[in-house]
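Chemist: I'd like to ask you about the structure that follows.
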Amino acid sequence: MVTLSDVAKRANVSKMTVSRVINHPEQVTEELQNLVHNAMAELNYKPNRLAKALANQQTQMIKLYILEEMDVVEPYYMKLLTGIAKELDKHSYGLQLLTRDSRNFGQSDGYIICGMREDDFTEIDALEDPVVLFGANDHGYDCVDLDNTKSIETVCHYCLERGYEQLVFIQMAVDEPFARQREVGYKTVMAANDLTPHIIPLVNDSDISRQYINEHIDEFVPKTAFICATDRLAIGVLRALTDQDKCIPDDYGITGHDGIFLDQIAHPKLTTIKQPIIEMGEACARMLVQKIKRKEDPAKDMPEMLYFSPNLIVGGTTK
């Protein structure tokens, strides 16, 4: 059986260093963590999760609650799950996946919650273990999200620079923080350029956005760019403009938001904001593990809100 001493010898470090990498990685440099993790992988060494949990009076289990309908966001949450699991593995935590219809059974050390809506916070407030939210919130919870305001500002500025004279914002018809932030980004750029906002709130469905544009095509003159709050909405706009034999991207531009998969299957490929979902998942897990470790601290920390910068990916739907 491979022992801690074997790992230390292979990594050329002390047993104490190996122990710290396993139990308190935040106390060890990334270089040492990599050395030890590589040695553990080479020797197929698995830390005794049960012994660690008993010693710390913890379950070594994290629950991931996905409260959004999975069939309308795939493969978004698969990438998020990959990032969360990747980080939790460094800390020897297991992961239990729960959906809105799941029964919350068994103990855990904390929760990562995604896809929550305003009505969910009564239930979230009742949870006793530490919580980190994937998504901005107005309830004082630690969270990880994209800088949604900056993301829409980025695509709006880009479209204006490319010569589009009117920007139409195809918004998600939900009253949630991320949606409001994206709308703020759009309105900020429009005001700065003395342009009249044109906001169309729609359900996040490509068929619905396609139908809307087809029915209102006469309202949109050439040199218009459609700034869409999701790639799904953008694909519907793209299909409608194709139905109408409109010239893309010279007369009409289209931008999406998320850059997970749908932007790649569109033809032409969408110009979109790519969210670093895997890295954001890692950040959620890292934030929760740190929160669990300071659980006994009587001092109430200010909520930690970590926002990632957007990354514009230029495709064939803009000039």
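Residue names in the structure tokens use chain letters A, B, ... in the order shown, residue numbers from 1 in each chain, and ligand numbers from 1 in the order shown.
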Mind the document's chain letters and residue numbers, and return as a PyMOL selection string the residues of region 128-246 of chain A that DSSP labels strand (DSSP E).
Modeler: chain A and resi 131-134+143-146+166-172+199-202+224-228
Chemist: Selected residues, N, CA, C and O atoms, written as a CSV table (one decimal), in the first residue's frame, please.
Modeler:
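New file out31.csv:
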```csv
chain,number,residue,atom,x,y,z
A,131,VAL,N,-22.8,28.7,2.0
A,131,VAL,CA,-23.4,28.7,0.6
A,131,VAL,C,-22.6,29.7,-0.2
A,131,VAL,O,-22.2,30.8,0.2
A,132,VAL,N,-22.3,29.3,-1.5
A,132,VAL,CA,-21.8,30.1,-2.5
A,132,VAL,C,-22.7,30.0,-3.7
A,132,VAL,O,-23.1,28.9,-4.1
A,133,LEU,N,-23.1,31.2,-4.3
A,133,LEU,CA,-23.9,31.2,-5.4
A,133,LEU,C,-23.1,31.4,-6.7
A,133,LEU,O,-22.2,32.2,-6.7
A,134,PHE,N,-23.5,30.7,-7.7
A,134,PHE,CA,-23.0,31.0,-9.1
A,134,PHE,C,-24.0,31.9,-9.7
A,134,PHE,O,-25.1,31.5,-10.2
A,143,CYS,N,-20.6,35.1,-4.0
A,143,CYS,CA,-21.0,34.6,-5.4
A,143,CYS,C,-19.9,34.8,-6.4
A,143,CYS,O,-18.9,35.6,-6.1
A,144,VAL,N,-20.0,34.1,-7.5
A,144,VAL,CA,-19.1,34.2,-8.6
A,144,VAL,C,-20.0,34.4,-9.8
A,144,VAL,O,-21.0,33.8,-10.0
A,145,ASP,N,-19.6,35.3,-10.7
A,145,ASP,CA,-20.3,35.6,-11.9
A,145,ASP,C,-19.4,36.3,-12.9
A,145,ASP,O,-18.3,36.7,-12.6
A,146,LEU,N,-20.0,36.4,-14.1
A,146,LEU,CA,-19.3,37.3,-15.1
A,146,LEU,C,-19.7,38.7,-14.8
A,146,LEU,O,-20.7,39.0,-14.3
A,166,GLN,N,-27.4,51.5,-35.5
A,166,GLN,CA,-28.5,51.3,-34.5
A,166,GLN,C,-28.2,49.9,-33.8
A,166,GLN,O,-27.9,48.9,-34.5
A,167,LEU,N,-28.4,49.9,-32.5
A,167,LEU,CA,-28.2,48.7,-31.7
A,167,LEU,C,-29.5,48.3,-31.1
A,167,LEU,O,-30.1,49.1,-30.3
A,168,VAL,N,-30.0,47.1,-31.4
A,168,VAL,CA,-31.3,46.6,-30.8
A,168,VAL,C,-30.9,45.5,-29.8
A,168,VAL,O,-30.2,44.6,-30.1
A,169,PHE,N,-31.4,45.7,-28.5
A,169,PHE,CA,-31.0,44.7,-27.5
A,169,PHE,C,-32.2,43.7,-27.3
A,169,PHE,O,-33.3,44.0,-27.0
A,170,ILE,N,-31.9,42.4,-27.6
A,170,ILE,CA,-32.8,41.3,-27.4
A,170,ILE,C,-32.5,40.7,-26.0
A,170,ILE,O,-31.6,40.0,-25.8
A,171,GLN,N,-33.3,41.1,-25.1
A,171,GLN,CA,-33.1,40.8,-23.7
A,171,GLN,C,-33.9,39.6,-23.3
A,171,GLN,O,-34.9,39.2,-23.9
A,172,MET,N,-33.4,38.9,-22.3
A,172,MET,CA,-34.1,37.8,-21.6
A,172,MET,C,-35.3,38.4,-20.8
A,172,MET,O,-35.0,39.3,-20.0
A,199,ILE,N,-35.2,48.0,-26.7
A,199,ILE,CA,-35.1,46.8,-26.0
A,199,ILE,C,-36.3,45.9,-26.2
A,199,ILE,O,-37.4,46.3,-26.1
A,200,ILE,N,-36.0,44.6,-26.6
A,200,ILE,CA,-37.1,43.6,-26.9
A,200,ILE,C,-36.9,42.5,-25.9
A,200,ILE,O,-36.0,41.6,-26.1
A,201,PRO,N,-37.7,42.4,-24.8
A,201,PRO,CA,-37.6,41.2,-23.9
A,201,PRO,C,-38.3,40.0,-24.5
A,201,PRO,O,-39.5,40.1,-24.8
A,202,LEU,N,-37.6,38.9,-24.5
A,202,LEU,CA,-38.2,37.6,-25.1
A,202,LEU,C,-37.8,36.5,-24.2
A,202,LEU,O,-36.7,36.5,-23.5
A,224,THR,N,-28.1,47.8,-38.7
A,224,THR,CA,-28.6,47.5,-37.4
A,224,THR,C,-27.8,46.3,-36.9
A,224,THR,O,-27.6,45.3,-37.6
A,225,ALA,N,-27.4,46.3,-35.6
A,225,ALA,CA,-26.8,45.2,-34.9
A,225,ALA,C,-27.7,44.7,-33.8
A,225,ALA,O,-28.2,45.6,-33.0
A,226,PHE,N,-28.0,43.5,-33.8
A,226,PHE,CA,-28.8,42.9,-32.7
A,226,PHE,C,-27.9,42.4,-31.6
A,226,PHE,O,-27.2,41.4,-31.8
A,227,ILE,N,-28.0,43.0,-30.5
A,227,ILE,CA,-27.2,42.6,-29.3
A,227,ILE,C,-28.1,41.7,-28.5
A,227,ILE,O,-29.0,42.1,-27.8
A,228,CYS,N,-27.8,40.4,-28.5
A,228,CYS,CA,-28.6,39.4,-27.9
A,228,CYS,C,-28.0,38.9,-26.5
A,228,CYS,O,-26.8,38.7,-26.4
```
Chemist: Could you give me, as a Markdown table, every region 163-272 of chain A residue with an atom at most 12 Å from region 78-88 of chain A, plus its closest atom pair and distance in Å to one decimal, counting only C-alpha atoms, rows ordered by chain then number?
Modeler:
```
| residue | atom | partner | partner_atom | distance |
| --- | --- | --- | --- | --- |
| A:Asp258 | CA | A:Lys79 | CA | 11.8 |
| A:Gly259 | CA | A:Lys79 | CA | 11.5 |
| A:Ile260 | CA | A:Lys79 | CA | 8.3 |
| A:Phe261 | CA | A:Lys79 | CA | 10.4 |
```
Chemist: For C-alpha atoms, I'd like the residues from the last selection saved as an mmCIF file, in the first residue's frame.
Modeler:
```cif
data_model
loop_
_atom_site.group_PDB
_atom_site.id
_atom_site.type_symbol
_atom_site.label_atom_id
_atom_site.label_comp_id
_atom_site.auth_asym_id
_atom_site.auth_seq_id
_atom_site.Cartn_x
_atom_site.Cartn_y
_atom_site.Cartn_z
ATOM 1 C CA ASP A 258 -22.108 32.808 -23.356
ATOM 2 C CA GLY A 259 -19.889 31.169 -26.010
ATOM 3 C CA ILE A 260 -20.308 27.652 -24.667
ATOM 4 C CA PHE A 261 -21.336 25.636 -27.705
#
```
Chemist: Where does DSSP see helix (DSSP H, G or I) in region 219-281 of chain A, if you list the residues as a ChimeraX atom specification?
Modeler: /A:219,231-243,262-265,277-281
Chemist: Quick one: residues within 8 Å of Val237 (chain A), only C-alpha atoms counted, chain neighbours fewer than 3 positions away excluded, as a PyMOL selection string?
Modeler: chain A and resi 206+209-210+213+226+233-234+240-241+254
Chemist: Would you pick out the contacts of region 17-23 of chain A at 9 Å or less, using only C-alpha atoms, so that residues sharing its chain but fewer than 3 positions from it are not included, and give the list as JSON, numbers by chain?
Modeler: {"A": [4, 5, 7, 8, 11, 13, 14, 26, 27, 28, 29, 32, 33, 36, 37, 47, 52, 90, 91, 92]}
Chemist: Filtering to all heavy atoms, could you give me those residues as a compact mmCIF listing (two decimals), in the first residue's frame?
Modeler:
```
# COMPACT_ATOMS: atom_id res chain seq x y z
N LEU A 4 2.07 7.92 2.82
CA LEU A 4 2.41 9.34 2.74
C LEU A 4 3.92 9.51 2.54
O LEU A 4 4.36 10.40 1.81
CB LEU A 4 1.96 10.04 4.01
CG LEU A 4 1.67 11.54 3.92
CD1 LEU A 4 0.43 11.77 3.09
CD2 LEU A 4 1.46 12.12 5.33
N SER A 5 4.69 8.63 3.17
CA SER A 5 6.15 8.70 3.04
C SER A 5 6.60 8.43 1.61
O SER A 5 7.54 9.05 1.10
CB SER A 5 6.81 7.68 3.98
OG SER A 5 6.53 7.99 5.32
N VAL A 7 4.90 9.10 -1.10
CA VAL A 7 4.60 10.30 -1.88
C VAL A 7 5.64 11.37 -1.63
O VAL A 7 6.13 12.02 -2.57
CB VAL A 7 3.19 10.83 -1.54
CG1 VAL A 7 2.92 12.15 -2.28
CG2 VAL A 7 2.12 9.81 -1.90
N ALA A 8 6.00 11.56 -0.35
CA ALA A 8 7.00 12.58 0.00
C ALA A 8 8.34 12.28 -0.67
O ALA A 8 9.00 13.18 -1.20
CB ALA A 8 7.16 12.63 1.52
N ALA A 11 8.11 13.02 -4.45
CA ALA A 11 8.06 14.46 -4.73
C ALA A 11 9.28 15.20 -4.20
O ALA A 11 9.43 16.40 -4.45
CB ALA A 11 6.79 15.05 -4.11
N VAL A 13 9.92 16.00 -1.08
CA VAL A 13 9.51 16.96 -0.06
C VAL A 13 9.29 16.21 1.24
O VAL A 13 9.38 14.98 1.30
CB VAL A 13 8.21 17.69 -0.46
CG1 VAL A 13 8.41 18.49 -1.74
CG2 VAL A 13 7.05 16.71 -0.62
N SER A 14 8.99 16.95 2.30
CA SER A 14 8.75 16.32 3.60
C SER A 14 7.32 15.77 3.68
O SER A 14 6.43 16.18 2.93
CB SER A 14 8.96 17.33 4.72
OG SER A 14 7.96 18.33 4.68
N GLU A 26 -3.97 25.87 0.78
CA GLU A 26 -3.79 27.32 0.73
C GLU A 26 -2.50 27.75 1.43
O GLU A 26 -2.04 28.89 1.25
CB GLU A 26 -5.00 28.02 1.38
CG GLU A 26 -5.09 27.94 2.88
CD GLU A 26 -5.61 26.59 3.39
OE1 GLU A 26 -5.97 25.73 2.55
OE2 GLU A 26 -5.65 26.39 4.61
N GLN A 27 -1.90 26.85 2.22
CA GLN A 27 -0.66 27.17 2.94
C GLN A 27 0.59 26.80 2.14
O GLN A 27 1.70 27.03 2.59
CB GLN A 27 -0.64 26.44 4.29
CG GLN A 27 -1.77 26.83 5.24
CD GLN A 27 -1.72 26.04 6.54
OE1 GLN A 27 -0.80 25.24 6.77
NE2 GLN A 27 -2.70 26.26 7.41
N VAL A 28 0.39 26.25 0.95
CA VAL A 28 1.50 25.72 0.17
C VAL A 28 1.52 26.39 -1.21
O VAL A 28 0.47 26.70 -1.77
CB VAL A 28 1.36 24.19 0.00
CG1 VAL A 28 2.58 23.61 -0.72
CG2 VAL A 28 1.17 23.52 1.35
N THR A 29 2.71 26.63 -1.73
CA THR A 29 2.81 27.27 -3.04
C THR A 29 2.25 26.36 -4.13
O THR A 29 2.18 25.13 -3.97
CB THR A 29 4.28 27.58 -3.39
OG1 THR A 29 5.00 26.35 -3.53
CG2 THR A 29 4.92 28.44 -2.31
N LEU A 32 4.71 23.60 -5.20
CA LEU A 32 4.75 22.42 -4.33
C LEU A 32 3.48 21.58 -4.50
O LEU A 32 3.54 20.35 -4.47
CB LEU A 32 4.92 22.85 -2.88
CG LEU A 32 6.34 23.27 -2.46
CD1 LEU A 32 6.36 23.77 -1.03
CD2 LEU A 32 7.31 22.09 -2.62
N GLN A 33 2.35 22.24 -4.66
CA GLN A 33 1.11 21.49 -4.87
C GLN A 33 1.22 20.62 -6.11
O GLN A 33 0.83 19.45 -6.10
CB GLN A 33 -0.07 22.45 -5.02
CG GLN A 33 -0.48 23.16 -3.73
CD GLN A 33 -1.72 24.01 -3.94
OE1 GLN A 33 -2.70 23.57 -4.53
NE2 GLN A 33 -1.67 25.25 -3.46
N VAL A 36 3.50 17.56 -5.50
CA VAL A 36 2.87 16.53 -4.69
C VAL A 36 1.74 15.84 -5.46
O VAL A 36 1.62 14.61 -5.43
CB VAL A 36 2.35 17.13 -3.37
CG1 VAL A 36 1.50 16.11 -2.61
CG2 VAL A 36 3.52 17.60 -2.51
N HIS A 37 0.92 16.62 -6.15
CA HIS A 37 -0.18 16.02 -6.91
C HIS A 37 0.34 15.10 -8.01
O HIS A 37 -0.25 14.04 -8.27
CB HIS A 37 -1.07 17.11 -7.51
CG HIS A 37 -1.96 17.78 -6.51
ND1 HIS A 37 -2.23 19.13 -6.52
CD2 HIS A 37 -2.65 17.28 -5.45
CE1 HIS A 37 -3.03 19.44 -5.52
NE2 HIS A 37 -3.29 18.33 -4.86
N PRO A 47 -5.82 10.01 -0.85
CA PRO A 47 -5.93 10.38 0.57
C PRO A 47 -7.14 9.69 1.20
O PRO A 47 -8.15 9.44 0.54
CB PRO A 47 -6.13 11.90 0.52
CG PRO A 47 -5.63 12.32 -0.82
CD PRO A 47 -5.90 11.18 -1.74
N LYS A 52 -9.96 11.90 7.19
CA LYS A 52 -9.87 13.35 7.25
C LYS A 52 -11.18 13.97 7.69
O LYS A 52 -11.23 14.89 8.51
CB LYS A 52 -9.47 13.89 5.87
CG LYS A 52 -9.42 15.41 5.80
CD LYS A 52 -9.11 15.89 4.40
CE LYS A 52 -9.16 17.43 4.33
NZ LYS A 52 -8.90 17.92 2.97
N LYS A 90 -8.99 18.69 -5.53
CA LYS A 90 -7.74 19.10 -4.89
C LYS A 90 -7.87 19.08 -3.36
O LYS A 90 -6.87 18.97 -2.66
CB LYS A 90 -7.35 20.51 -5.33
CG LYS A 90 -7.06 20.65 -6.81
CD LYS A 90 -6.73 22.10 -7.14
CE LYS A 90 -6.49 22.30 -8.62
NZ LYS A 90 -6.21 23.73 -8.94
N HIS A 91 -9.08 19.21 -2.88
CA HIS A 91 -9.32 19.29 -1.43
C HIS A 91 -10.00 18.03 -0.90
O HIS A 91 -10.48 18.01 0.23
CB HIS A 91 -10.18 20.51 -1.12
CG HIS A 91 -9.62 21.79 -1.65
ND1 HIS A 91 -8.70 22.55 -0.95
CD2 HIS A 91 -9.84 22.45 -2.82
CE1 HIS A 91 -8.37 23.62 -1.67
NE2 HIS A 91 -9.05 23.58 -2.80
N SER A 92 -10.02 16.98 -1.72
CA SER A 92 -10.59 15.69 -1.34
C SER A 92 -12.06 15.78 -0.95
O SER A 92 -12.51 15.14 0.01
CB SER A 92 -9.77 15.06 -0.19
OG SER A 92 -8.45 14.85 -0.58
```
Chemist: So how many Å separate CA of Ala283 (chain A) and CA of Phe308 (chain A), to one decimal?
Modeler: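 Pair CA of Ala283 (chain A) / CA of Phe308 (chain A) returns 9.9 Å.
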Chemist: Using only C-alpha atoms, can you tell me which of A:Asn214, A:Arg162, A:Lys9, A:Met116 comes closest to Asp243 (chain A)?
Modeler: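 Of A:Asn214, A:Arg162, A:Lys9, A:Met116, the one nearest Asp243 (chain A) is A:Asn214, counting only C-alpha atoms.
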Chemist: Calculate how many Å separate CA of Pro222 (chain A) from CA of Tyr252 (chain A), rounding to one decimal.
Modeler: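 CA of Tyr252 (chain A) lies at a distance of 6.0 Å from CA of Pro222 (chain A).
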Chemist: Within 9 Å of Arg180 (chain A), counting only C-alpha atoms, which residues show up once you throw out same-chain ones fewer than 6 positions away? Write them as a list in words, please.
Modeler: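 So, after excluding close chain neighbours, the residues are Asn148, Thr149 and Val174 of chain A.
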Chemist: Between A:Gln290, A:Asn44, A:Gln96, A:Thr271, which one has atoms that come closest to Ser108 (chain A), using only C-alpha atoms?
Modeler: A:Gln96
Chemist: Using Å and a single decimal, report how far CA of Thr230 (chain A) sits from CA of Thr242 (chain A).
Modeler: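 Distance reported for this atom pair: 18.6 Å.
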Chemist: A:Ala266, A:Ile112, A:Met61, A:Ile248: which is nearest Glu282 (chain A), counting only C-alpha atoms?
Modeler: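 Selected residue with least distance to Glu282 (chain A): A:Ile112.
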Chemist: Which residue, A:Ile278, A:Ile292, A:Leu127, A:Ala41, has the smallest gap to Pro75 (chain A) when you use only C-alpha atoms?
Modeler: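 Smallest distance to Pro75 (chain A) is found for A:Ile278.
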Chemist: Give the answer as one residue: which of A:Ile277, A:Thr318, A:Met287, A:Leu306 has the shortest atom-to-atom distance to Cys247 (chain A), using only C-alpha atoms?
Modeler: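 Result for the nearest residue to Cys247 (chain A): A:Thr318.
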Chemist: Excluding Ile152 (chain A) and any residue of its chain fewer than 6 positions from it, enumerate the residues within 9 Å of it, using only C-alpha atoms, and give them as a PyMOL selection string.
Modeler: chain A and resi 181-186+189+227-229+257+273+310
Chemist: Residues near Lys269 (chain A), anyone? I mean within 8 Å using only C-alpha atoms, not counting same-chain ones fewer than 4 positions away, as a list in words.
Modeler: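 Within the cut-off, the hits are Asp263, Gln264, Ile265, Gly315, Gly316 and Thr317 of chain A.
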